[in-house]
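Only one structure is covered here, and it is reproduced in the block below.
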Amino acid sequence: MKSEAVKKGIERAPHRSLFKSMGYTDEEINRPLIGVVNSQNDIVPGHIHLDEICDAVKTGIRIAGGTPIEFPTIGVCDGIAMGHEGMHYSLASREVIADSIEIMAKAHAFDALVLIPNCDKIVPGMMMAAARVNVPAILISGGAMLSINQGKFLDLNSVFEAVGANKSGKISEAEVLKIENDACPTCGSCSGMFTANSMNCLSEVLGIGLPFNGTIPAVFAHRKRLAKEAGMKIMELFAKDIKPSDIFTKEAFINALTVDMALGCSTNSILHLPAIAHEAGIELDLELANKITAVTPNLCKLAPAGEHHIQDLYFAGGVQAVMKELTKLNLLNLDLITATGNTVRKNLAAVVNKNTNVIRPVENPYSKTGGIQVLKGNIAPDGCVVKRSAVAEEMLLHSGPAKVFNSEEEALAAIYHKEIVKGDVVVIIYEGPKGGPGMREMLSPTSAIAGMGLDKDVALITDGRFSGATRGAAIGHISPEAMAGGPIGIVKNGDLIKIDIRKGTINVDLTTAEIEKRLASFQPIEAKIKTGYLARYAKLVTSASTGAVLK
C-alpha cells in the first residue's frame with residue numbers, strides 16, 4: 001500500500017499521531033486510505049449537491065473495507081462565468097484542478113482515488129489527474145439537470161437564445177423571464193449534450209466511469225446508488241491493482257472518439273480528450289478524429305442538435321446502448337478493461353437499445369458520418385472544429401464576407417446592433433488559449449445569432465471555443481491562433497471566407513503570395529492580461545490543436 005509511507009513502522013508514529021488528532025482509529029489507519037476528491041461548492045448548479053454524492057461514496061468505501069478521506073478542489077460554472085472576465089478562467093481552471101489533485105494525492109500517499117466532478121472543466125481535470133497520479137481511480141459524477149416541457153423542452157441554451165430573440169424584437173422581456181424561470185428546474189449539469197455531459201458520458205467509454213455515470217439525472221436515487229457502487233468498486237480496483245494506466249490506453253481513446261462522433265458531443269471534447277491522453281503518455285491528433293468521424297454514424301441528436309436531453313438518453317439505455325449499436329459495425333475495441341473490473345465486451349453483454357427514436361440503430365443513422373468534423377485550410381493549417389450535427393444542412397457549404405472582431409465583446413455588440421446580415425462570416429480573433437487568454441466560450445454571440453434567426457445564414461469562426469450548447473455553423477479552435485501568429489489574424493473585413501464542412505475545408509479566398517505578404521507584416525496585439533495566474537498560463541499554454549495543455 002502506498003499509504004504505508006505515512007503509517008507503517010515506529011518511524012511513522014508522528015504521522016499516526018496526526019491521524020489520531022482527527023479522530024481516526026488504528027483500525028481506520030490500518031485500512032487502505034482512499035482519497036475522495038469532492039468538488040462541491042455553492043456556486044455551480046452541477047456541484048451544489050455533491051456532498052450527498054460524496055457521503056454515498058464514503059459509505060461504499062467503508063462497506064468494502066476502506067477508509068475514505070475527503071478533500072476538495074475548485075470548480076467553475078461556465079454559465080455564470082460566461083460573457084465577462086470570468087470566462088478567461090474556465091479552461092485555465094482545468095490545469096489547476098489536475099495540479100491540486102496531484103499535490104494532495106502525492107503529499108498524503110493515498111492508495112486510491114474516487115473523483116467526484118460534474119461540470120465542464122472539472123471532469124477532464126480530474127481524469128487528467130488520475131492519469132498523472134496513476135493509483136487505482138474511479139470517477140462518479142453528480143448527474144444531469146432535468147429538462148422540463150414548457151410548450152417545448154427548455155435548457156440553459158434556451159435562455160441565451162431568448163436574449164437574442166428579445167434583442168431582435170421577437171419576444172418580450174416578460175417572455176424571457178418565463179424561460180429564465182423554467183429552463184433550469186433542478187440541480188445538475190446542464191441538461192443537453194453540452195460539455196459537462198459530453199465528458200461525463202465519455203468517462204464511461206474511456207472506462208474510468210461506471211455504466212450510466214454519464215446519464216443518470218442528478219435528482220434520481222439511482223445516482224446515489226451508483227455512488228455507493230463506485231465506493232465499493234474502488235476497493236476492488238485497489239485489490240486487483242487496476243490503475244488508470246491499464247484503463248487509459250490508446251484503444252480506449254479511440255473508443256471514446258468513436259462514441260463522441262455517434263453521440264454528437266461538444267466540440268470541447270476535442271480539447272479534453274487529447275489533454276487526458278497527454279497525461280497518459282498518448283498522442284491524439286486531429287487527423288485521427290477525422291478518420292473516425294468518416295466511418296462512424298451519428299446516432300443521437302441531443303440538445304442543442306435536437307430536442308432530446310440527457311434524461312431521454314438515460315431511459316433509452318444510456319451510453320452503453322449507444323456503444324452496443326456501434327458493435328454492430330465492429331467500431332469498438334471490446335477487450336479493454338474498465339472500472340467495473342470487467343471488459344467492455346462483458347459490460348455490454350446484456351445491454352439493449354430501449355428507444356430507437358433517441359438512439360437510432362446503425363442501420364438508420366441521422367448521418368453516416370459523425371457529429372464532429374475537423375476542418376483545415378489556409379486560415380487553419382493546424383485544424384479547427386465544428387459540431388456538424390448541430391449545423392443546418394444549408395450551412396454545410398457557405399461562402400461569405402468576413403466581419404472581423406478582436407474580441408467576443410466587439411462581436412456581440414455588432415450582432416445586437418444588427419450589423420451582421422445574412423451571408424456574413426463573423427471572425428473573432430485573439431480569443432485562443434494564449435490570446436484570450438484562456439480560450440473563452442462564445443455561447444453569447446452564437447446564441448444571439450440563433451435567437452435572431454440567423455443561424456441558417458451566418459457562420460462564426462474563432463480561435464476561441466464554443467459551449468457544448470452552441471448550435472449553427474460555429475467553427476472554433478482555429479489553430480494556430482492569432483496571438484501565436486496564425487493566419488486567422490491576417491483576415492480583413494470583406495475577405496471572402498469559404499467553408500465546406502462536408503469536405504472538411506476552410507479557406508480565405510486569397511493567393512498564397514498575399515497571405516505570406518500579410519503574415520510578414522503581421523504583429524499580434526499586446527497581451528490583454530499581464531499579471532496573475534492568467535499571465536503565467538498564457539506563457540505556458542500550447543495550441544488548441546494539442547489540447548491546450550501546458551508546456
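In the C-alpha cells, chains take the letters A, B, ... in the order shown, each chain's residues start at 1, and ligands count up from 1 in the order shown.
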
**OP:** Might you pull out every residue within 8 Å of Pro32 in chain A, with only C-alpha atoms counted and same-chain residues fewer than 2 positions away left off, and present them as number ranges by chain?
**Re:** A: 1, 3, 29-30, 34, 65-67, 110-111

Counting only C-alpha atoms, which residues of range 401-443 of chain A sit at most 12 Å from some atom of range 248-272 of chain A, and what is each one's closest atom pair with its distance in Å to one decimal, listed by chain and rising residue number, as CSV?
```
residue,atom,partner,partner_atom,distance
A:Pro433,CA,A:Leu271,CA,11.0
A:Met439,CA,A:Leu271,CA,10.8
A:Arg440,CA,A:Asn268,CA,11.3
A:Glu441,CA,A:Asn268,CA,9.6
A:Met442,CA,A:Asn268,CA,11.9
```

Subject >> Among listed residues A:Cys384, A:Val44, A:Met232, A:Ile490, nearest Thr186 in chain A (using only C-alpha atoms) >> reply: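 So, comparing all the options, the nearest one is A:Val44.
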
Subject >> Close residues, Thr338 in chain A itself excluded, 9 Å, only C-alpha atoms, min 6 positions apart in chain, as a count of residues only >> reply: 12

Original post:
Where in range 99-217 of chain A does DSSP assign strand (DSSP E or B), given as a VMD selection string?
Top reply: chain A and resid 112 to 116 137 to 139 144 149 153 189 209 217

Dump of all heavy atoms for the selected residues, as a CSV table (one decimal), in the first residue's frame:
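Just written: part20.csv:
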```csv
chain,number,residue,atom,x,y,z
A,112,ALA,N,-5.7,5.0,-3.3
A,112,ALA,CA,-6.6,5.0,-4.5
A,112,ALA,C,-7.4,6.3,-4.4
A,112,ALA,O,-7.4,7.0,-3.4
A,112,ALA,CB,-7.5,3.8,-4.5
A,113,LEU,N,-8.1,6.7,-5.5
A,113,LEU,CA,-8.9,7.9,-5.5
A,113,LEU,C,-10.3,7.6,-6.1
A,113,LEU,O,-10.4,6.9,-7.1
A,113,LEU,CB,-8.2,8.9,-6.4
A,113,LEU,CG,-6.8,9.4,-6.0
A,113,LEU,CD1,-6.2,10.3,-7.1
A,113,LEU,CD2,-6.9,10.3,-4.7
A,114,VAL,N,-11.3,8.3,-5.5
A,114,VAL,CA,-12.6,8.4,-6.1
A,114,VAL,C,-12.8,9.9,-6.4
A,114,VAL,O,-12.6,10.7,-5.5
A,114,VAL,CB,-13.7,7.9,-5.2
A,114,VAL,CG1,-15.0,8.1,-5.9
A,114,VAL,CG2,-13.5,6.5,-4.8
A,115,LEU,N,-13.1,10.2,-7.7
A,115,LEU,CA,-13.1,11.5,-8.2
A,115,LEU,C,-14.6,11.9,-8.4
A,115,LEU,O,-15.3,11.2,-9.1
A,115,LEU,CB,-12.3,11.6,-9.5
A,115,LEU,CG,-10.9,11.1,-9.4
A,115,LEU,CD1,-10.4,10.7,-10.8
A,115,LEU,CD2,-10.0,12.1,-8.8
A,116,ILE,N,-15.0,13.0,-7.8
A,116,ILE,CA,-16.4,13.5,-7.8
A,116,ILE,C,-16.5,14.8,-8.5
A,116,ILE,O,-16.4,15.9,-7.9
A,116,ILE,CB,-17.1,13.5,-6.4
A,116,ILE,CG1,-16.8,12.2,-5.7
A,116,ILE,CG2,-18.5,13.8,-6.6
A,116,ILE,CD1,-17.3,12.2,-4.3
A,137,ALA,N,-8.3,4.4,-9.6
A,137,ALA,CA,-9.2,5.6,-9.6
A,137,ALA,C,-10.5,5.2,-10.3
A,137,ALA,O,-10.5,4.5,-11.2
A,137,ALA,CB,-8.5,6.8,-10.2
A,138,ILE,N,-11.5,5.9,-9.8
A,138,ILE,CA,-12.8,5.8,-10.4
A,138,ILE,C,-13.5,7.1,-10.4
A,138,ILE,O,-13.3,7.9,-9.4
A,138,ILE,CB,-13.7,4.7,-9.7
A,138,ILE,CG1,-14.9,4.3,-10.5
A,138,ILE,CG2,-14.1,5.1,-8.3
A,138,ILE,CD1,-15.6,3.0,-10.0
A,139,LEU,N,-14.3,7.5,-11.4
A,139,LEU,CA,-14.9,8.8,-11.4
A,139,LEU,C,-16.4,8.6,-11.3
A,139,LEU,O,-17.0,7.8,-12.1
A,139,LEU,CB,-14.6,9.4,-12.8
A,139,LEU,CG,-15.0,10.9,-13.0
A,139,LEU,CD1,-13.9,11.7,-13.6
A,139,LEU,CD2,-16.2,10.9,-13.9
A,144,ALA,N,-27.0,14.8,-14.4
A,144,ALA,CA,-27.5,15.9,-15.3
A,144,ALA,C,-28.8,16.5,-14.7
A,144,ALA,O,-29.6,15.8,-14.0
A,144,ALA,CB,-27.8,15.3,-16.7
A,149,ASN,N,-40.8,20.1,-20.0
A,149,ASN,CA,-41.5,20.6,-21.1
A,149,ASN,C,-42.4,21.7,-20.8
A,149,ASN,O,-43.4,21.6,-20.0
A,149,ASN,CB,-42.3,19.4,-21.7
A,149,ASN,CG,-42.9,19.8,-23.1
A,149,ASN,OD1,-43.1,20.9,-23.4
A,149,ASN,ND2,-43.2,18.7,-23.9
A,153,PHE,N,-39.2,21.5,-24.7
A,153,PHE,CA,-38.3,21.2,-23.7
A,153,PHE,C,-37.2,22.3,-23.6
A,153,PHE,O,-36.6,22.7,-24.7
A,153,PHE,CB,-37.6,19.9,-23.9
A,153,PHE,CG,-38.5,18.7,-23.5
A,153,PHE,CD1,-39.3,18.1,-24.4
A,153,PHE,CD2,-38.5,18.3,-22.1
A,153,PHE,CE1,-40.1,17.0,-24.0
A,153,PHE,CE2,-39.3,17.2,-21.7
A,153,PHE,CZ,-40.1,16.6,-22.6
A,189,SER,N,-25.7,19.0,-13.9
A,189,SER,CA,-25.0,19.6,-15.1
A,189,SER,C,-26.1,19.9,-16.1
A,189,SER,O,-27.1,19.2,-16.3
A,189,SER,CB,-24.0,18.6,-15.6
A,189,SER,OG,-24.5,17.3,-15.8
A,209,GLY,N,-15.3,5.6,-15.6
A,209,GLY,CA,-16.7,5.8,-15.0
A,209,GLY,C,-17.5,4.5,-15.2
A,209,GLY,O,-17.4,3.8,-16.2
A,217,PRO,N,-29.9,11.2,-14.1
A,217,PRO,CA,-30.1,12.6,-13.7
A,217,PRO,C,-29.7,12.8,-12.2
A,217,PRO,O,-29.7,11.8,-11.4
A,217,PRO,CB,-31.7,12.7,-13.8
A,217,PRO,CG,-32.0,11.7,-15.0
A,217,PRO,CD,-31.1,10.6,-14.7
```

Original post:
If you count only C-alpha atoms, which residues fall within 7 Å of Gln40 in chain A, apart from same-chain ones fewer than 2 positions away, as an NGL selection string?
Top reply: :A and (38 or 47-51)

For those residues, write N, CA, C and O atoms to a file as an mmCIF file, in the first residue's frame.
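The result, stored in part-v7.cif:
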```
data_model
loop_
_atom_site.group_PDB
_atom_site.id
_atom_site.type_symbol
_atom_site.label_atom_id
_atom_site.label_comp_id
_atom_site.auth_asym_id
_atom_site.auth_seq_id
_atom_site.Cartn_x
_atom_site.Cartn_y
_atom_site.Cartn_z
ATOM 1 N N ASN A 38 -13.760 15.807 -3.665
ATOM 2 C CA ASN A 38 -15.108 16.387 -3.725
ATOM 3 C C ASN A 38 -15.026 17.817 -4.236
ATOM 4 O O ASN A 38 -14.440 18.686 -3.596
ATOM 5 N N HIS A 47 -22.804 21.181 -8.963
ATOM 6 C CA HIS A 47 -21.947 20.776 -7.852
ATOM 7 C C HIS A 47 -22.560 21.027 -6.481
ATOM 8 O O HIS A 47 -22.041 20.540 -5.474
ATOM 9 N N ILE A 48 -23.656 21.748 -6.433
ATOM 10 C CA ILE A 48 -24.205 22.155 -5.143
ATOM 11 C C ILE A 48 -24.648 20.959 -4.308
ATOM 12 O O ILE A 48 -24.662 21.005 -3.079
ATOM 13 N N HIS A 49 -24.948 19.844 -4.971
ATOM 14 C CA HIS A 49 -25.440 18.657 -4.266
ATOM 15 C C HIS A 49 -24.375 17.572 -4.095
ATOM 16 O O HIS A 49 -24.688 16.463 -3.638
ATOM 17 N N LEU A 50 -23.126 17.865 -4.409
ATOM 18 C CA LEU A 50 -22.114 16.805 -4.439
ATOM 19 C C LEU A 50 -21.746 16.268 -3.059
ATOM 20 O O LEU A 50 -21.167 15.177 -2.966
ATOM 21 N N ASP A 51 -22.081 16.993 -2.000
ATOM 22 C CA ASP A 51 -21.857 16.425 -0.662
ATOM 23 C C ASP A 51 -22.664 15.143 -0.474
ATOM 24 O O ASP A 51 -22.213 14.202 0.193
#
```

Subject >> Two-atom distance - CA of Gly423 in chain A, CA of Ser399 in chain A (Å) >> reply: 7.3 Å

Subject >> Residue neighbourhood Ala196 in chain A, 8 Å, only C-alpha atoms, exclusion window fewer than 3 positions, as a VMD selection string >> reply: chain A and resid 118 to 121 123 189 to 190 193 199 to 200

Save the residues we just selected, C-alpha atoms, as a compact mmCIF listing (two decimals), in the first residue's frame?
```
# COMPACT_ATOMS: atom_id res chain seq x y z
CA ASN A 118 -19.78 17.14 -12.69
CA CYS A 119 -19.26 20.23 -14.80
CA ASP A 120 -17.23 21.37 -17.75
CA LYS A 121 -13.54 21.54 -16.82
CA VAL A 123 -14.47 16.28 -15.33
CA SER A 189 -25.02 19.61 -15.10
CA CYS A 190 -26.95 21.46 -17.82
CA MET A 193 -25.26 17.16 -24.70
CA MET A 199 -17.26 14.39 -20.83
CA ASN A 200 -19.32 12.51 -18.23
```

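Between CA of Glu363 in chain A and CA of Thr296 in chain A the interatomic distance comes to 11.8 Å.
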
Per residue of range 268-328 of chain A within 8 Å of range 464-473 of chain A, which atom pair is closest and at what distance in Å (one decimal), using only C-alpha atoms, listed by chain and increasing number, as a tab-separated table?
```
residue	atom	partner	partner_atom	distance
A:Asn268	CA	A:Gly468	CA	6.9
A:Ala303	CA	A:Ala469	CA	7.2
A:Pro304	CA	A:Ala469	CA	5.5
A:Ala305	CA	A:Arg471	CA	6.6
```

Subject >> Residue contacts of range 507-518 of chain A (7 Å, only C-alpha atoms) excluding same-chain residues fewer than 5 positions away, as a ChimeraX atom specification >> reply: /A:377-379,490,495-499

Resulting file, chosen residues, all heavy atoms, as an mmCIF file, in the first residue's frame:
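And here's out_3.cif as it stands now:
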```cif
data_model
loop_
_atom_site.group_PDB
_atom_site.id
_atom_site.type_symbol
_atom_site.label_atom_id
_atom_site.label_comp_id
_atom_site.auth_asym_id
_atom_site.auth_seq_id
_atom_site.Cartn_x
_atom_site.Cartn_y
_atom_site.Cartn_z
ATOM 1 N N GLY A 377 -7.384 24.327 -43.584
ATOM 2 C CA GLY A 377 -7.284 25.209 -44.732
ATOM 3 C C GLY A 377 -6.265 26.289 -44.481
ATOM 4 O O GLY A 377 -5.547 26.258 -43.471
ATOM 5 N N ASN A 378 -6.222 27.286 -45.361
ATOM 6 C CA ASN A 378 -5.146 28.266 -45.254
ATOM 7 C C ASN A 378 -5.295 29.233 -44.084
ATOM 8 O O ASN A 378 -4.342 29.939 -43.739
ATOM 9 C CB ASN A 378 -4.958 29.029 -46.575
ATOM 10 C CG ASN A 378 -6.196 29.806 -46.999
ATOM 11 O OD1 ASN A 378 -7.126 30.026 -46.222
ATOM 12 N ND2 ASN A 378 -6.215 30.235 -48.274
ATOM 13 N N ILE A 379 -6.462 29.277 -43.428
ATOM 14 C CA ILE A 379 -6.553 30.068 -42.204
ATOM 15 C C ILE A 379 -6.578 29.178 -40.961
ATOM 16 O O ILE A 379 -6.609 29.681 -39.839
ATOM 17 C CB ILE A 379 -7.775 31.022 -42.184
ATOM 18 C CG1 ILE A 379 -9.080 30.266 -42.437
ATOM 19 C CG2 ILE A 379 -7.589 32.145 -43.171
ATOM 20 C CD1 ILE A 379 -10.304 31.135 -42.258
ATOM 21 N N ILE A 490 -4.666 37.558 -39.974
ATOM 22 C CA ILE A 490 -4.462 38.492 -41.096
ATOM 23 C C ILE A 490 -5.715 38.655 -41.956
ATOM 24 O O ILE A 490 -5.702 39.363 -42.952
ATOM 25 C CB ILE A 490 -3.255 38.055 -41.961
ATOM 26 C CG1 ILE A 490 -3.410 36.618 -42.490
ATOM 27 C CG2 ILE A 490 -1.964 38.178 -41.156
ATOM 28 C CD1 ILE A 490 -3.997 36.479 -43.830
ATOM 29 N N ASP A 495 -12.879 40.136 -46.780
ATOM 30 C CA ASP A 495 -12.258 38.943 -47.370
ATOM 31 C C ASP A 495 -13.307 37.837 -47.472
ATOM 32 O O ASP A 495 -14.108 37.635 -46.548
ATOM 33 C CB ASP A 495 -11.098 38.442 -46.506
ATOM 34 C CG ASP A 495 -9.855 39.311 -46.605
ATOM 35 O OD1 ASP A 495 -9.780 40.133 -47.537
ATOM 36 O OD2 ASP A 495 -8.959 39.164 -45.748
ATOM 37 N N LEU A 496 -13.283 37.102 -48.562
ATOM 38 C CA LEU A 496 -14.249 36.031 -48.752
ATOM 39 C C LEU A 496 -13.768 34.761 -48.039
ATOM 40 O O LEU A 496 -12.664 34.272 -48.297
ATOM 41 C CB LEU A 496 -14.438 35.744 -50.245
ATOM 42 C CG LEU A 496 -15.525 34.716 -50.596
ATOM 43 C CD1 LEU A 496 -16.913 35.255 -50.242
ATOM 44 C CD2 LEU A 496 -15.454 34.353 -52.083
ATOM 45 N N ILE A 497 -14.612 34.246 -47.132
ATOM 46 C CA ILE A 497 -14.309 33.013 -46.409
ATOM 47 C C ILE A 497 -15.125 31.892 -47.035
ATOM 48 O O ILE A 497 -16.346 32.014 -47.214
ATOM 49 C CB ILE A 497 -14.662 33.132 -44.918
ATOM 50 C CG1 ILE A 497 -13.971 34.346 -44.285
ATOM 51 C CG2 ILE A 497 -14.300 31.837 -44.174
ATOM 52 C CD1 ILE A 497 -12.472 34.261 -44.236
ATOM 53 N N LYS A 498 -14.451 30.793 -47.382
ATOM 54 C CA LYS A 498 -15.112 29.643 -47.995
ATOM 55 C C LYS A 498 -15.055 28.452 -47.043
ATOM 56 O O LYS A 498 -13.965 28.016 -46.644
ATOM 57 C CB LYS A 498 -14.440 29.291 -49.324
ATOM 58 C CG LYS A 498 -14.573 30.376 -50.389
ATOM 59 C CD LYS A 498 -13.936 29.932 -51.700
ATOM 60 C CE LYS A 498 -14.179 30.944 -52.813
ATOM 61 N NZ LYS A 498 -13.577 30.493 -54.104
ATOM 62 N N ILE A 499 -16.223 27.931 -46.682
ATOM 63 C CA ILE A 499 -16.337 26.842 -45.719
ATOM 64 C C ILE A 499 -17.049 25.667 -46.382
ATOM 65 O O ILE A 499 -18.137 25.842 -46.942
ATOM 66 C CB ILE A 499 -17.132 27.287 -44.470
ATOM 67 C CG1 ILE A 499 -16.453 28.471 -43.776
ATOM 68 C CG2 ILE A 499 -17.330 26.120 -43.502
ATOM 69 C CD1 ILE A 499 -17.348 29.206 -42.792
#
```

Subject >> d(CA of Ala218 in chain A, CA of Arg345 in chain A) in Å >> reply: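 Calculated distance between CA of Ala218 in chain A and CA of Arg345 in chain A is 27.5 Å.
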
Subject >> Selection near Gly532 in chain A, 12 Å with only C-alpha atoms, sequence-local residues under 6 positions removed, as number ranges by chain >> reply: A: 89, 437, 538-539

Original post:
Counting only C-alpha atoms, which of A:Asn298, A:Ser245, A:Thr542, A:Ser447 gets nearest to Val358 in chain A?
Top reply: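 Smallest separation from Val358 in chain A among the options: A:Asn298.
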
Subject >> Given only C-alpha atoms as the counted atoms, nearest of A:Glu481, A:Glu229, A:Glu180, A:Glu95 to Ala64 in chain A >> reply: A:Glu229

Do you have, as JSON lines, the list of residues of range 373-490 of chain A lying at most 10 Å from range 169-178 of chain A, each with its nearest atom pair and that distance in Å to one decimal, counting only C-alpha atoms and ordered by chain then number?
```
{"residue": "A:Gly451", "atom": "CA", "partner": "A:Lys170", "partner_atom": "CA", "distance": 8.6}
{"residue": "A:Met452", "atom": "CA", "partner": "A:Lys170", "partner_atom": "CA", "distance": 7.7}
{"residue": "A:Gly453", "atom": "CA", "partner": "A:Lys170", "partner_atom": "CA", "distance": 9.5}
```

Can you write just those residues out, N, CA, C and O atoms, as a compact mmCIF listing (two decimals), in the first residue's frame?
```
# COMPACT_ATOMS: atom_id res chain seq x y z
N GLY A 451 -30.83 33.20 -31.86
CA GLY A 451 -32.05 33.85 -31.36
C GLY A 451 -32.62 34.85 -32.34
O GLY A 451 -33.84 35.08 -32.37
N MET A 452 -31.77 35.44 -33.16
CA MET A 452 -32.22 36.39 -34.17
C MET A 452 -32.66 35.70 -35.47
O MET A 452 -33.04 36.37 -36.43
N GLY A 453 -32.55 34.38 -35.48
CA GLY A 453 -32.99 33.64 -36.65
C GLY A 453 -31.99 33.62 -37.78
O GLY A 453 -32.35 33.36 -38.94
```

**OP:** Have a look at A:Gly438, A:Gly35, A:Gly192, A:Gly494 and name the one nearest to Met104 in chain A; count only C-alpha atoms.
**Re:** A:Gly35

Original post:
Which one is closest to Gly371 in chain A: A:His398, A:Lys301, A:His477, A:Lys243? Count only C-alpha atoms.
Top reply: A:Lys301

Original post:
Which one is closest to Gly476 in chain A: A:Asp312, A:Asp463, A:Asp55, A:Asp285? Count only C-alpha atoms.
Top reply: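 Closest to Gly476 in chain A, using only C-alpha atoms: A:Asp463.
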